[in-house]
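> Structure provided below as structure tokens; questions to follow.
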Amino acid sequence: MDNQTEVRKFILLCLSNVQGLQKFLFILFLLLYLSSLLGNMAIMIVVVREPRLHTPMYFFLFNLSCLDIFYSTVTMPKMLAGFLSGHQGISYTGCLSQLHFFHFLGSSEALLLAVMAYDRYVAICNPLRYTLIMSPRACLQLAAATWATGFLHALMHTVMTSRLHFCGPNHIQHFFCDIKPLVRLACNSSQLNLGLLSIITGSLAIGPFVFTLLSYLYIFSFLRLKVQSKEGRRKAFSTCISHLTVVALLYVPVIFNYVPPSSGNSPRRDMIATLMYNIVTSVLNPLIYTLRNVEVKRALKRRLFSREFLAQKMFCLAACVG
């Protein structure tokens, strides 16, 4: 091992080596990325500017939009550059950084969705104690816990991956540096890395997923048995269904990708699953929460599409041009 040369640069494959489709894929993923940025930024602006949305649910939605922006930014700019150049080289340090932030933000989002399910459970099933349980301090602590847990989870994988030796092929069968395609290139044993991936990462995916499903199962039972108002049921169901849609889009491909214990024999299958929860989900989240949420739609019209707001933007644009 000491006489072998350590690999200091990797080549990312898959999407960038599809001959004849680079320009089409560049335009497609650029539009998806811009949609993700604009949609999530719009939600963040509205939540901050609209006093009616200063509630725990929208505080967590603000965090979700923030995570989605960072999460897609970890992979998308590098992928887009690869479509233009036809070559995706990444340094060893850059590869570990990308791996770290991908798992940091991804696991934080998985935990945050479980926190949002708990928030809906308290709001619907225990409304009289909602303001006491979901106080501003409690919300900050829950949000901080999700971010901190995600960071520690990613740090574990980053440290364990940095202990591997790479002395042979340097072509990664993926569009970013993920653990499974990266450990296939290691010269020494990677069984511990794959075990941690299946056990720890699998638990971070399955645990919140089961908790979320149980929370909504209890909520739906409560609505059916205890809530007599049709309007109250409709409003609660609308909020819960939008959240459950996001949950399915994220958890299902994550579990499909990381829970199997083997190193994986289908890079293309893993890549498609990753595209779903890394890119597609971040694009659909703003649409799901706005299309099924009357309060957010009204706030968007009032804050982003009002005459005063548009006039202010036109004035700023004219000042910049002048």
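Ordered as shown in the structure tokens, chains take letters A, B, and onward, while each chain numbers its residues from 1 and ligands are numbered from 1 in the order shown.
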Give me the residues near A:Tyr289 as a PDB file with C-alpha atoms, in the first residue's frame, where near means some atom within 12 Å (using only C-alpha atoms) and where sequence neighbours in that chain fewer than 4 positions away do not count.

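Resulting contents of out-v3.pdb:
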```
ATOM      1  CA  GLY A  39     -39.547  28.740  -5.413  1.00  0.00           C
ATOM      2  CA  ASN A  40     -37.832  28.190  -2.098  1.00  0.00           C
ATOM      3  CA  ALA A  42     -40.124  33.002  -2.497  1.00  0.00           C
ATOM      4  CA  ILE A  43     -41.392  30.912   0.417  1.00  0.00           C
ATOM      5  CA  MET A  57     -45.467  25.405  11.057  1.00  0.00           C
ATOM      6  CA  TYR A  58     -44.128  28.140   8.799  1.00  0.00           C
ATOM      7  CA  LEU A  61     -41.270  25.420   6.411  1.00  0.00           C
ATOM      8  CA  PHE A  62     -38.722  28.259   6.279  1.00  0.00           C
ATOM      9  CA  LEU A  64     -37.153  23.254   4.904  1.00  0.00           C
ATOM     10  CA  SER A  65     -36.850  25.784   2.070  1.00  0.00           C
ATOM     11  CA  SER A 238     -55.129  19.683   3.059  1.00  0.00           C
ATOM     12  CA  THR A 239     -52.144  20.579   5.236  1.00  0.00           C
ATOM     13  CA  CYS A 240     -51.387  16.958   6.111  1.00  0.00           C
ATOM     14  CA  ILE A 241     -51.656  15.662   2.545  1.00  0.00           C
ATOM     15  CA  SER A 242     -49.190  18.255   1.272  1.00  0.00           C
ATOM     16  CA  HIS A 243     -46.743  17.225   3.987  1.00  0.00           C
ATOM     17  CA  LEU A 244     -47.249  13.513   3.300  1.00  0.00           C
ATOM     18  CA  THR A 245     -46.513  14.100  -0.393  1.00  0.00           C
ATOM     19  CA  VAL A 246     -43.167  15.678   0.500  1.00  0.00           C
ATOM     20  CA  THR A 281     -38.007  17.097  -4.313  1.00  0.00           C
ATOM     21  CA  SER A 282     -36.446  20.539  -3.863  1.00  0.00           C
ATOM     22  CA  VAL A 283     -38.299  21.707  -6.992  1.00  0.00           C
ATOM     23  CA  LEU A 284     -41.666  20.223  -6.010  1.00  0.00           C
ATOM     24  CA  ASN A 285     -41.673  21.250  -2.339  1.00  0.00           C
ATOM     25  CA  ASN A 293     -52.001  25.925   1.171  1.00  0.00           C
ATOM     26  CA  VAL A 294     -54.426  28.827   0.953  1.00  0.00           C
ATOM     27  CA  GLU A 295     -52.535  30.976   3.467  1.00  0.00           C
ATOM     28  CA  VAL A 296     -49.261  30.725   1.542  1.00  0.00           C
ATOM     29  CA  LYS A 297     -50.980  31.467  -1.791  1.00  0.00           C
ATOM     30  CA  LEU A 300     -47.512  35.209  -2.081  1.00  0.00           C
TER      31      LEU A 300
END
```
> Can you tell me, as a ChimeraX atom specification, what residues are no more than 7 Å from A:Gly89 when counting only C-alpha atoms, ignoring any on the same chain fewer than 4 positions away?
/A:9-12
> Write a file of the selected residues as a PDB file, in the first residue's frame, keeping N, CA, C and O atoms.

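Output saved as part17.pdb:
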```pdb
ATOM      1  N   LYS A   9      -7.455  13.057  -7.256  1.00  0.00           N
ATOM      2  CA  LYS A   9      -8.490  13.658  -8.081  1.00  0.00           C
ATOM      3  C   LYS A   9      -9.392  12.563  -8.617  1.00  0.00           C
ATOM      4  O   LYS A   9      -8.926  11.486  -8.983  1.00  0.00           O
ATOM      5  N   PHE A  10     -10.708  12.853  -8.650  1.00  0.00           N
ATOM      6  CA  PHE A  10     -11.683  11.890  -9.144  1.00  0.00           C
ATOM      7  C   PHE A  10     -12.405  12.465 -10.361  1.00  0.00           C
ATOM      8  O   PHE A  10     -12.494  13.686 -10.540  1.00  0.00           O
ATOM      9  N   ILE A  11     -12.936  11.571 -11.177  1.00  0.00           N
ATOM     10  CA  ILE A  11     -13.726  11.941 -12.345  1.00  0.00           C
ATOM     11  C   ILE A  11     -15.151  11.444 -12.135  1.00  0.00           C
ATOM     12  O   ILE A  11     -15.381  10.257 -11.940  1.00  0.00           O
ATOM     13  N   LEU A  12     -16.107  12.366 -12.165  1.00  0.00           N
ATOM     14  CA  LEU A  12     -17.513  12.022 -11.998  1.00  0.00           C
ATOM     15  C   LEU A  12     -18.110  11.657 -13.350  1.00  0.00           C
ATOM     16  O   LEU A  12     -17.967  12.392 -14.327  1.00  0.00           O
TER      17      LEU A  12
END
```
> Which residues are close to stretch 136-139 of chain A, i.e. within 9 Å by only C-alpha atoms, leaving aside same-chain residues fewer than 3 positions away? Reply as a compact mmCIF listing (two decimals) with N, CA and C atoms, in the first residue's frame.

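Listing of result_6.txt after writing:
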```txt
# COMPACT_ATOMS: atom_id res chain seq x y z
N THR A 55 -45.66 31.48 12.62
CA THR A 55 -46.13 30.39 13.46
C THR A 55 -45.14 29.23 13.37
N PRO A 56 -45.21 28.26 14.29
CA PRO A 56 -44.26 27.14 14.23
C PRO A 56 -44.24 26.41 12.90
N PHE A 59 -42.37 28.42 10.43
CA PHE A 59 -40.97 28.49 10.84
C PHE A 59 -40.22 27.25 10.36
N PHE A 60 -40.84 26.08 10.51
CA PHE A 60 -40.21 24.85 10.03
C PHE A 60 -40.21 24.80 8.50
N THR A 131 -49.63 26.20 21.86
CA THR A 131 -48.72 27.34 22.06
C THR A 131 -47.74 27.10 23.19
N ILE A 133 -46.59 23.90 24.15
CA ILE A 133 -45.64 22.86 23.72
C ILE A 133 -44.72 23.38 22.63
N LEU A 142 -35.78 22.47 18.52
CA LEU A 142 -36.03 21.37 17.60
C LEU A 142 -35.31 21.58 16.27
N ALA A 143 -35.37 22.81 15.76
CA ALA A 143 -34.69 23.10 14.49
C ALA A 143 -33.17 22.94 14.65
N ALA A 144 -32.64 23.47 15.76
CA ALA A 144 -31.19 23.35 16.00
C ALA A 144 -30.78 21.89 16.14
```
> Give me, please, the distance in Å between atom CA of A:Leu84 and atom CA of A:Phe26, quoted to one decimal.
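Between atom CA of A:Leu84 and atom CA of A:Phe26 the gap is 7.2 Å.
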> So, with only C-alpha atoms as the atoms that count, which of A:Phe175, A:Tyr71, A:Tyr251, A:Tyr118 lies closest to A:Gln88?
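Residue with the minimum atom-to-atom distance to A:Gln88: A:Phe175.
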> At a cut-off of 12 Å, using only C-alpha atoms, what residues contact A:Asp68? Leave out same-chain residues fewer than 4 positions from it and give the result as a CSV table (one decimal) with all heavy atoms, in the first residue's frame.

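Saved the output as around_19.csv:
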```csv
chain,number,residue,atom,x,y,z
A,33,TYR,N,-32.9,23.7,-11.4
A,33,TYR,CA,-32.2,24.3,-10.3
A,33,TYR,C,-32.7,25.8,-10.1
A,33,TYR,O,-32.9,26.2,-8.9
A,33,TYR,CB,-30.7,24.4,-10.7
A,33,TYR,CG,-29.8,25.0,-9.7
A,33,TYR,CD1,-29.9,24.6,-8.3
A,33,TYR,CD2,-28.9,25.9,-10.0
A,33,TYR,CE1,-29.1,25.1,-7.4
A,33,TYR,CE2,-28.0,26.5,-9.0
A,33,TYR,CZ,-28.1,26.1,-7.7
A,33,TYR,OH,-27.3,26.6,-6.7
A,35,SER,N,-35.7,26.8,-10.8
A,35,SER,CA,-37.0,26.7,-10.2
A,35,SER,C,-36.9,26.4,-8.7
A,35,SER,O,-37.7,27.0,-7.9
A,35,SER,CB,-37.8,25.6,-10.9
A,35,SER,OG,-38.0,25.8,-12.2
A,36,SER,N,-36.0,25.6,-8.3
A,36,SER,CA,-35.8,25.3,-6.9
A,36,SER,C,-35.4,26.5,-6.1
A,36,SER,O,-35.9,26.8,-5.1
A,36,SER,CB,-34.7,24.2,-6.7
A,36,SER,OG,-34.4,24.0,-5.4
A,37,LEU,N,-34.4,27.3,-6.7
A,37,LEU,CA,-33.9,28.5,-6.0
A,37,LEU,C,-35.1,29.5,-5.9
A,37,LEU,O,-35.3,30.0,-4.8
A,37,LEU,CB,-32.8,29.1,-6.8
A,37,LEU,CG,-31.5,28.3,-6.8
A,37,LEU,CD1,-30.4,29.1,-7.6
A,37,LEU,CD2,-31.0,28.0,-5.4
A,38,LEU,N,-35.7,29.8,-7.0
A,38,LEU,CA,-36.8,30.8,-6.9
A,38,LEU,C,-38.0,30.4,-6.1
A,38,LEU,O,-38.5,31.3,-5.3
A,38,LEU,CB,-37.2,31.1,-8.4
A,38,LEU,CG,-36.2,31.8,-9.3
A,38,LEU,CD1,-36.7,31.9,-10.7
A,38,LEU,CD2,-35.7,33.1,-8.8
A,39,GLY,N,-38.4,29.2,-6.2
A,39,GLY,CA,-39.5,28.7,-5.4
A,39,GLY,C,-39.3,28.8,-3.9
A,39,GLY,O,-40.1,29.3,-3.1
A,40,ASN,N,-38.1,28.2,-3.5
A,40,ASN,CA,-37.8,28.2,-2.1
A,40,ASN,C,-37.5,29.6,-1.5
A,40,ASN,O,-37.8,29.9,-0.4
A,40,ASN,CB,-36.7,27.2,-1.9
A,40,ASN,CG,-37.1,25.8,-2.0
A,40,ASN,OD1,-37.8,25.3,-1.1
A,40,ASN,ND2,-36.6,25.1,-3.0
A,41,MET,N,-36.8,30.4,-2.3
A,41,MET,CA,-36.6,31.8,-1.9
A,41,MET,C,-37.9,32.5,-1.7
A,41,MET,O,-38.0,33.4,-0.8
A,41,MET,CB,-35.6,32.5,-2.9
A,41,MET,CG,-34.2,32.0,-2.8
A,41,MET,SD,-33.1,32.8,-4.0
A,41,MET,CE,-33.2,34.5,-3.4
A,43,ILE,N,-40.8,31.3,-0.8
A,43,ILE,CA,-41.4,30.9,0.4
A,43,ILE,C,-40.7,31.5,1.6
A,43,ILE,O,-41.3,32.0,2.6
A,43,ILE,CB,-41.4,29.4,0.5
A,43,ILE,CG1,-42.4,28.8,-0.4
A,43,ILE,CG2,-41.7,28.9,1.9
A,43,ILE,CD1,-42.5,27.3,-0.4
A,44,MET,N,-39.4,31.6,1.6
A,44,MET,CA,-38.6,32.2,2.7
A,44,MET,C,-38.9,33.6,2.9
A,44,MET,O,-39.1,34.1,4.0
A,44,MET,CB,-37.1,32.0,2.5
A,44,MET,CG,-36.7,30.5,2.5
A,44,MET,SD,-34.9,30.3,2.1
A,44,MET,CE,-34.1,31.1,3.4
A,61,LEU,N,-41.2,25.4,7.9
A,61,LEU,CA,-41.3,25.4,6.4
A,61,LEU,C,-40.1,26.3,5.9
A,61,LEU,O,-39.5,26.0,4.9
A,61,LEU,CB,-42.6,25.9,5.9
A,61,LEU,CG,-42.8,26.1,4.4
A,61,LEU,CD1,-42.6,24.7,3.7
A,61,LEU,CD2,-44.2,26.6,4.1
A,62,PHE,N,-39.9,27.4,6.6
A,62,PHE,CA,-38.7,28.3,6.3
A,62,PHE,C,-37.4,27.5,6.3
A,62,PHE,O,-36.6,27.6,5.4
A,62,PHE,CB,-38.7,29.4,7.3
A,62,PHE,CG,-37.5,30.4,7.1
A,62,PHE,CD1,-37.6,31.5,6.2
A,62,PHE,CD2,-36.3,30.1,7.7
A,62,PHE,CE1,-36.5,32.3,6.1
A,62,PHE,CE2,-35.2,31.0,7.5
A,62,PHE,CZ,-35.3,32.1,6.7
A,63,ASN,N,-37.2,26.7,7.4
A,63,ASN,CA,-36.1,25.8,7.5
A,63,ASN,C,-36.0,24.8,6.4
A,63,ASN,O,-34.9,24.5,5.8
A,63,ASN,CB,-36.1,25.1,8.8
A,63,ASN,CG,-35.5,25.9,10.0
A,63,ASN,OD1,-34.4,25.9,10.3
A,63,ASN,ND2,-36.4,26.8,10.5
A,64,LEU,N,-37.1,24.2,6.0
A,64,LEU,CA,-37.2,23.3,4.9
A,64,LEU,C,-36.7,23.9,3.6
A,64,LEU,O,-36.0,23.3,2.8
A,64,LEU,CB,-38.6,22.7,4.8
A,64,LEU,CG,-38.7,21.6,3.7
A,64,LEU,CD1,-37.9,20.3,4.0
A,64,LEU,CD2,-40.2,21.2,3.6
A,72,SER,N,-29.7,21.3,-3.0
A,72,SER,CA,-29.5,21.2,-4.4
A,72,SER,C,-28.3,21.9,-4.9
A,72,SER,O,-27.7,21.5,-5.9
A,72,SER,CB,-30.8,21.8,-5.1
A,72,SER,OG,-30.9,23.1,-4.7
A,73,THR,N,-27.8,22.9,-4.2
A,73,THR,CA,-26.6,23.6,-4.5
A,73,THR,C,-25.3,22.8,-4.3
A,73,THR,O,-24.3,23.0,-5.0
A,73,THR,CB,-26.5,24.9,-3.7
A,73,THR,OG1,-27.7,25.7,-4.0
A,73,THR,CG2,-25.3,25.7,-4.1
A,74,VAL,N,-25.4,21.8,-3.5
A,74,VAL,CA,-24.3,20.9,-3.2
A,74,VAL,C,-23.9,20.1,-4.5
A,74,VAL,O,-22.7,19.9,-4.8
A,74,VAL,CB,-24.5,19.9,-2.1
A,74,VAL,CG1,-23.5,18.8,-2.0
A,74,VAL,CG2,-24.7,20.6,-0.8
A,75,THR,N,-24.9,19.8,-5.3
A,75,THR,CA,-24.6,18.9,-6.5
A,75,THR,C,-24.8,19.6,-7.8
A,75,THR,O,-24.1,19.3,-8.8
A,75,THR,CB,-25.5,17.7,-6.5
A,75,THR,OG1,-26.9,18.1,-6.4
A,75,THR,CG2,-25.2,16.8,-5.2
A,76,MET,N,-25.8,20.5,-7.9
A,76,MET,CA,-26.2,21.0,-9.2
A,76,MET,C,-25.2,21.9,-9.9
A,76,MET,O,-24.9,21.7,-11.1
A,76,MET,CB,-27.5,21.8,-9.0
A,76,MET,CG,-28.7,20.9,-8.8
A,76,MET,SD,-29.1,19.8,-10.1
A,76,MET,CE,-29.7,21.0,-11.3
A,102,PHE,N,-23.7,17.0,1.5
A,102,PHE,CA,-24.8,16.2,1.0
A,102,PHE,C,-25.5,15.5,2.1
A,102,PHE,O,-26.7,15.5,2.2
A,102,PHE,CB,-24.4,15.3,-0.1
A,102,PHE,CG,-25.5,14.5,-0.8
A,102,PHE,CD1,-26.2,15.1,-1.8
A,102,PHE,CD2,-25.8,13.2,-0.3
A,102,PHE,CE1,-27.3,14.4,-2.4
A,102,PHE,CE2,-26.9,12.5,-0.9
A,102,PHE,CZ,-27.6,13.1,-1.9
A,104,PHE,N,-25.1,15.9,5.4
A,104,PHE,CA,-25.4,16.9,6.4
A,104,PHE,C,-26.8,17.4,6.1
A,104,PHE,O,-27.7,17.4,7.0
A,104,PHE,CB,-24.4,18.0,6.5
A,104,PHE,CG,-24.8,19.2,7.2
A,104,PHE,CD1,-25.6,19.2,8.3
A,104,PHE,CD2,-24.3,20.5,6.8
A,104,PHE,CE1,-26.0,20.3,9.0
A,104,PHE,CE2,-24.7,21.6,7.5
A,104,PHE,CZ,-25.5,21.6,8.6
A,105,LEU,N,-27.0,18.0,4.9
A,105,LEU,CA,-28.3,18.6,4.6
A,105,LEU,C,-29.4,17.6,4.4
A,105,LEU,O,-30.6,17.8,4.7
A,105,LEU,CB,-28.1,19.5,3.3
A,105,LEU,CG,-27.1,20.6,3.5
A,105,LEU,CD1,-26.7,21.2,2.2
A,105,LEU,CD2,-27.6,21.7,4.4
A,106,GLY,N,-29.1,16.5,3.8
A,106,GLY,CA,-30.1,15.4,3.5
A,106,GLY,C,-30.6,14.8,4.8
A,106,GLY,O,-31.8,14.7,4.9
A,107,SER,N,-29.8,14.5,5.7
A,107,SER,CA,-30.2,13.9,7.0
A,107,SER,C,-31.0,14.9,7.8
A,107,SER,O,-31.9,14.6,8.5
A,107,SER,CB,-29.1,13.3,7.8
A,107,SER,OG,-28.0,14.2,8.0
A,108,SER,N,-30.5,16.2,7.8
A,108,SER,CA,-31.2,17.3,8.5
A,108,SER,C,-32.6,17.4,8.0
A,108,SER,O,-33.6,17.6,8.7
A,108,SER,CB,-30.5,18.6,8.3
A,108,SER,OG,-29.2,18.5,8.9
A,109,GLU,N,-32.8,17.3,6.6
A,109,GLU,CA,-34.2,17.5,6.1
A,109,GLU,C,-35.0,16.3,6.4
A,109,GLU,O,-36.2,16.4,6.7
A,109,GLU,CB,-34.0,17.6,4.5
A,109,GLU,CG,-35.4,17.8,3.9
A,109,GLU,CD,-35.3,18.3,2.4
A,109,GLU,OE1,-34.2,18.8,2.1
A,109,GLU,OE2,-36.2,18.1,1.7
A,110,ALA,N,-34.5,15.1,6.5
A,110,ALA,CA,-35.2,13.9,6.9
A,110,ALA,C,-35.7,14.1,8.3
A,110,ALA,O,-36.9,13.7,8.6
A,110,ALA,CB,-34.4,12.6,6.7
A,112,LEU,N,-36.1,17.0,9.9
A,112,LEU,CA,-37.0,18.1,10.0
A,112,LEU,C,-38.4,17.7,9.6
A,112,LEU,O,-39.4,18.2,10.2
A,112,LEU,CB,-36.5,19.2,9.1
A,112,LEU,CG,-37.3,20.5,9.0
A,112,LEU,CD1,-37.3,21.2,10.4
A,112,LEU,CD2,-36.8,21.5,8.0
A,246,VAL,N,-44.6,15.4,0.4
A,246,VAL,CA,-43.2,15.7,0.5
A,246,VAL,C,-42.4,14.5,1.2
A,246,VAL,O,-41.3,14.1,0.8
A,246,VAL,CB,-43.0,17.0,1.3
A,246,VAL,CG1,-41.5,17.2,1.6
A,246,VAL,CG2,-43.6,18.2,0.6
A,250,LEU,N,-39.3,12.2,-0.5
A,250,LEU,CA,-38.0,12.2,0.1
A,250,LEU,C,-37.6,10.8,0.7
A,250,LEU,O,-36.6,10.2,0.3
A,250,LEU,CB,-37.8,13.2,1.2
A,250,LEU,CG,-36.5,13.2,1.9
A,250,LEU,CD1,-35.4,13.8,1.0
A,250,LEU,CD2,-36.5,14.0,3.2
A,277,TYR,N,-34.7,12.6,-4.8
A,277,TYR,CA,-34.7,13.2,-3.5
A,277,TYR,C,-33.8,14.4,-3.4
A,277,TYR,O,-34.0,15.3,-2.5
A,277,TYR,CB,-34.5,12.3,-2.3
A,277,TYR,CG,-33.2,11.6,-2.2
A,277,TYR,CD1,-32.1,12.2,-1.7
A,277,TYR,CD2,-33.0,10.3,-2.7
A,277,TYR,CE1,-30.9,11.6,-1.6
A,277,TYR,CE2,-31.8,9.6,-2.6
A,277,TYR,CZ,-30.7,10.3,-2.1
A,277,TYR,OH,-29.5,9.6,-2.0
A,278,ASN,N,-32.8,14.6,-4.3
A,278,ASN,CA,-31.9,15.7,-4.2
A,278,ASN,C,-32.4,16.9,-5.0
A,278,ASN,O,-32.3,18.0,-4.6
A,278,ASN,CB,-30.5,15.3,-4.6
A,278,ASN,CG,-29.5,16.4,-4.6
A,278,ASN,OD1,-28.8,16.6,-5.6
A,278,ASN,ND2,-29.5,17.2,-3.6
A,279,ILE,N,-32.9,16.6,-6.2
A,279,ILE,CA,-33.3,17.7,-7.1
A,279,ILE,C,-34.8,17.8,-7.3
A,279,ILE,O,-35.3,18.9,-7.1
A,279,ILE,CB,-32.6,17.4,-8.5
A,279,ILE,CG1,-31.1,17.5,-8.3
A,279,ILE,CG2,-33.0,18.5,-9.5
A,279,ILE,CD1,-30.3,17.1,-9.5
A,280,VAL,N,-35.4,16.7,-7.7
A,280,VAL,CA,-36.9,16.8,-7.9
A,280,VAL,C,-37.7,17.3,-6.7
A,280,VAL,O,-38.6,18.1,-6.8
A,280,VAL,CB,-37.4,15.5,-8.4
A,280,VAL,CG1,-38.9,15.5,-8.7
A,280,VAL,CG2,-36.7,15.1,-9.7
A,281,THR,N,-37.3,16.7,-5.5
A,281,THR,CA,-38.0,17.1,-4.3
A,281,THR,C,-37.9,18.6,-4.0
A,281,THR,O,-38.8,19.2,-3.6
A,281,THR,CB,-37.5,16.3,-3.1
A,281,THR,OG1,-37.6,14.9,-3.4
A,281,THR,CG2,-38.2,16.6,-1.9
A,282,SER,N,-36.7,19.1,-4.2
A,282,SER,CA,-36.4,20.5,-3.9
A,282,SER,C,-37.2,21.4,-4.8
A,282,SER,O,-37.5,22.6,-4.5
A,282,SER,CB,-34.9,20.9,-3.9
A,282,SER,OG,-34.4,20.7,-5.2
A,283,VAL,N,-37.5,20.9,-6.0
A,283,VAL,CA,-38.3,21.7,-7.0
A,283,VAL,C,-39.8,21.6,-6.7
A,283,VAL,O,-40.5,22.6,-6.7
A,283,VAL,CB,-38.1,21.2,-8.4
A,283,VAL,CG1,-39.0,21.9,-9.4
A,283,VAL,CG2,-36.6,21.4,-8.8
A,284,LEU,N,-40.2,20.4,-6.3
A,284,LEU,CA,-41.7,20.2,-6.0
A,284,LEU,C,-42.1,20.7,-4.7
A,284,LEU,O,-43.3,21.1,-4.5
A,284,LEU,CB,-42.0,18.7,-6.1
A,284,LEU,CG,-41.8,18.1,-7.5
A,284,LEU,CD1,-42.2,16.6,-7.5
A,284,LEU,CD2,-42.7,18.8,-8.5
A,285,ASN,N,-41.3,20.8,-3.7
A,285,ASN,CA,-41.7,21.2,-2.3
A,285,ASN,C,-42.4,22.6,-2.4
A,285,ASN,O,-43.5,22.7,-1.8
A,285,ASN,CB,-40.5,21.3,-1.4
A,285,ASN,CG,-40.1,19.9,-0.8
A,285,ASN,OD1,-40.8,19.0,-1.1
A,285,ASN,ND2,-39.0,19.9,-0.1
A,286,PRO,N,-41.8,23.6,-3.0
A,286,PRO,CA,-42.6,24.9,-3.0
A,286,PRO,C,-43.9,24.8,-3.7
A,286,PRO,O,-44.9,25.4,-3.2
A,286,PRO,CB,-41.6,25.9,-3.8
A,286,PRO,CG,-40.3,25.2,-3.6
A,286,PRO,CD,-40.5,23.8,-3.6
```
> Report, in Å with one decimal, the straight-line distance from atom CA of A:Asn126 to atom CA of A:Ala248.
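Atom CA of A:Ala248 lies 25.2 Å from atom CA of A:Asn126.
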> For A:Ala154, work out the shell of residues within 12 Å, counting only C-alpha atoms and skipping chain neighbours fewer than 5 positions away, then give it as a PyMOL selection string.
chain A and resi 96-108+147-149+159-161+178-179+196-197+200-201+204
> Selection from above, N, CA and C atoms, as a compact mmCIF listing (two decimals), in the first residue's frame, can you write it?

```
# COMPACT_ATOMS: atom_id res chain seq x y z
N LEU A 96 -14.66 15.00 -0.63
CA LEU A 96 -15.06 14.80 0.77
C LEU A 96 -16.00 15.91 1.25
N SER A 97 -15.74 17.14 0.80
CA SER A 97 -16.61 18.26 1.19
C SER A 97 -18.01 18.07 0.62
N GLN A 98 -18.08 17.66 -0.64
CA GLN A 98 -19.38 17.43 -1.25
C GLN A 98 -20.14 16.30 -0.54
N LEU A 99 -19.43 15.23 -0.22
CA LEU A 99 -20.03 14.12 0.52
C LEU A 99 -20.56 14.59 1.87
N HIS A 100 -19.76 15.40 2.56
CA HIS A 100 -20.16 15.86 3.90
C HIS A 100 -21.43 16.70 3.83
N PHE A 101 -21.45 17.71 2.97
CA PHE A 101 -22.59 18.61 2.94
C PHE A 101 -23.84 17.93 2.38
N PHE A 102 -23.66 16.97 1.48
CA PHE A 102 -24.82 16.25 0.96
C PHE A 102 -25.51 15.47 2.08
N HIS A 103 -24.74 14.75 2.88
CA HIS A 103 -25.35 13.96 3.96
C HIS A 103 -25.75 14.84 5.14
N PHE A 104 -25.06 15.92 5.36
CA PHE A 104 -25.44 16.88 6.41
C PHE A 104 -26.83 17.45 6.13
N LEU A 105 -27.02 17.99 4.92
CA LEU A 105 -28.29 18.63 4.59
C LEU A 105 -29.40 17.61 4.36
N GLY A 106 -29.06 16.46 3.76
CA GLY A 106 -30.07 15.44 3.51
C GLY A 106 -30.63 14.84 4.79
N SER A 107 -29.76 14.48 5.72
CA SER A 107 -30.23 13.90 6.98
C SER A 107 -30.96 14.94 7.83
N SER A 108 -30.52 16.21 7.75
CA SER A 108 -31.23 17.27 8.48
C SER A 108 -32.64 17.42 7.95
N TRP A 147 -30.48 20.25 12.64
CA TRP A 147 -29.27 20.67 11.94
C TRP A 147 -28.03 20.07 12.59
N ALA A 148 -27.99 20.05 13.91
CA ALA A 148 -26.81 19.52 14.61
C ALA A 148 -26.67 18.01 14.40
N THR A 149 -27.78 17.29 14.47
CA THR A 149 -27.74 15.83 14.25
C THR A 149 -27.29 15.51 12.83
N VAL A 159 -15.32 11.43 8.13
CA VAL A 159 -14.12 10.94 8.80
C VAL A 159 -13.83 9.50 8.39
N MET A 160 -14.86 8.67 8.35
CA MET A 160 -14.64 7.27 7.98
C MET A 160 -14.21 7.13 6.53
N THR A 161 -14.74 7.95 5.65
CA THR A 161 -14.33 7.89 4.24
C THR A 161 -12.90 8.39 4.06
N ASP A 178 -20.77 10.42 -3.66
CA ASP A 178 -21.55 9.76 -2.63
C ASP A 178 -20.76 8.58 -2.06
N ILE A 179 -21.20 8.07 -0.94
CA ILE A 179 -20.40 7.07 -0.22
C ILE A 179 -20.31 5.76 -0.99
N LEU A 196 -21.95 1.21 8.47
CA LEU A 196 -22.44 2.45 9.06
C LEU A 196 -23.49 3.11 8.18
N LEU A 197 -23.29 3.01 6.87
CA LEU A 197 -24.25 3.60 5.94
C LEU A 197 -25.61 2.93 6.08
N ILE A 200 -26.66 3.36 10.43
CA ILE A 200 -26.88 4.72 10.93
C ILE A 200 -27.75 5.53 9.96
N THR A 201 -27.33 5.57 8.71
CA THR A 201 -28.11 6.35 7.74
C THR A 201 -29.48 5.72 7.52
N LEU A 204 -31.64 6.77 10.35
CA LEU A 204 -32.04 8.17 10.23
C LEU A 204 -33.13 8.37 9.18
```
> Within 9 Å of A:Pro253, counting only C-alpha atoms, which residues qualify if same-chain residues fewer than 6 places away don't, as a PyMOL selection string?
chain A and resi 270+272-274+276-277
> Residues of stretch 88-294 of chain A classed as helix (DSSP H, G or I) by DSSP on the backbone are to be reported as a VMD selection string.
chain A and resid 92 to 125 127 to 133 136 to 162 179 to 183 191 to 226 230 to 258 267 to 291 294
> Got a sec: who's within 12 Å of A:Arg8, counting only C-alpha atoms, leaving out chain neighbours fewer than 6 positions off, as number ranges by chain?
A: 89-96, 162, 165-171
> Pick from A:Ile45, A:Leu217, A:Leu128, A:Gly86: nearest to A:Leu21, with only C-alpha atoms counted?
A:Gly86
> One decimal, in Å: what's the spacing between atom CA of A:Leu111 and atom CA of A:Pro208?
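Atom CA of A:Pro208 lies 6.1 Å from atom CA of A:Leu111.
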> Out of A:Phe176, A:Asp119, A:Tyr258, A:Phe24, which residue has the shortest atom-to-atom distance to A:Ser203 when counting only C-alpha atoms?
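Selected residue with least distance to A:Ser203: A:Tyr258.
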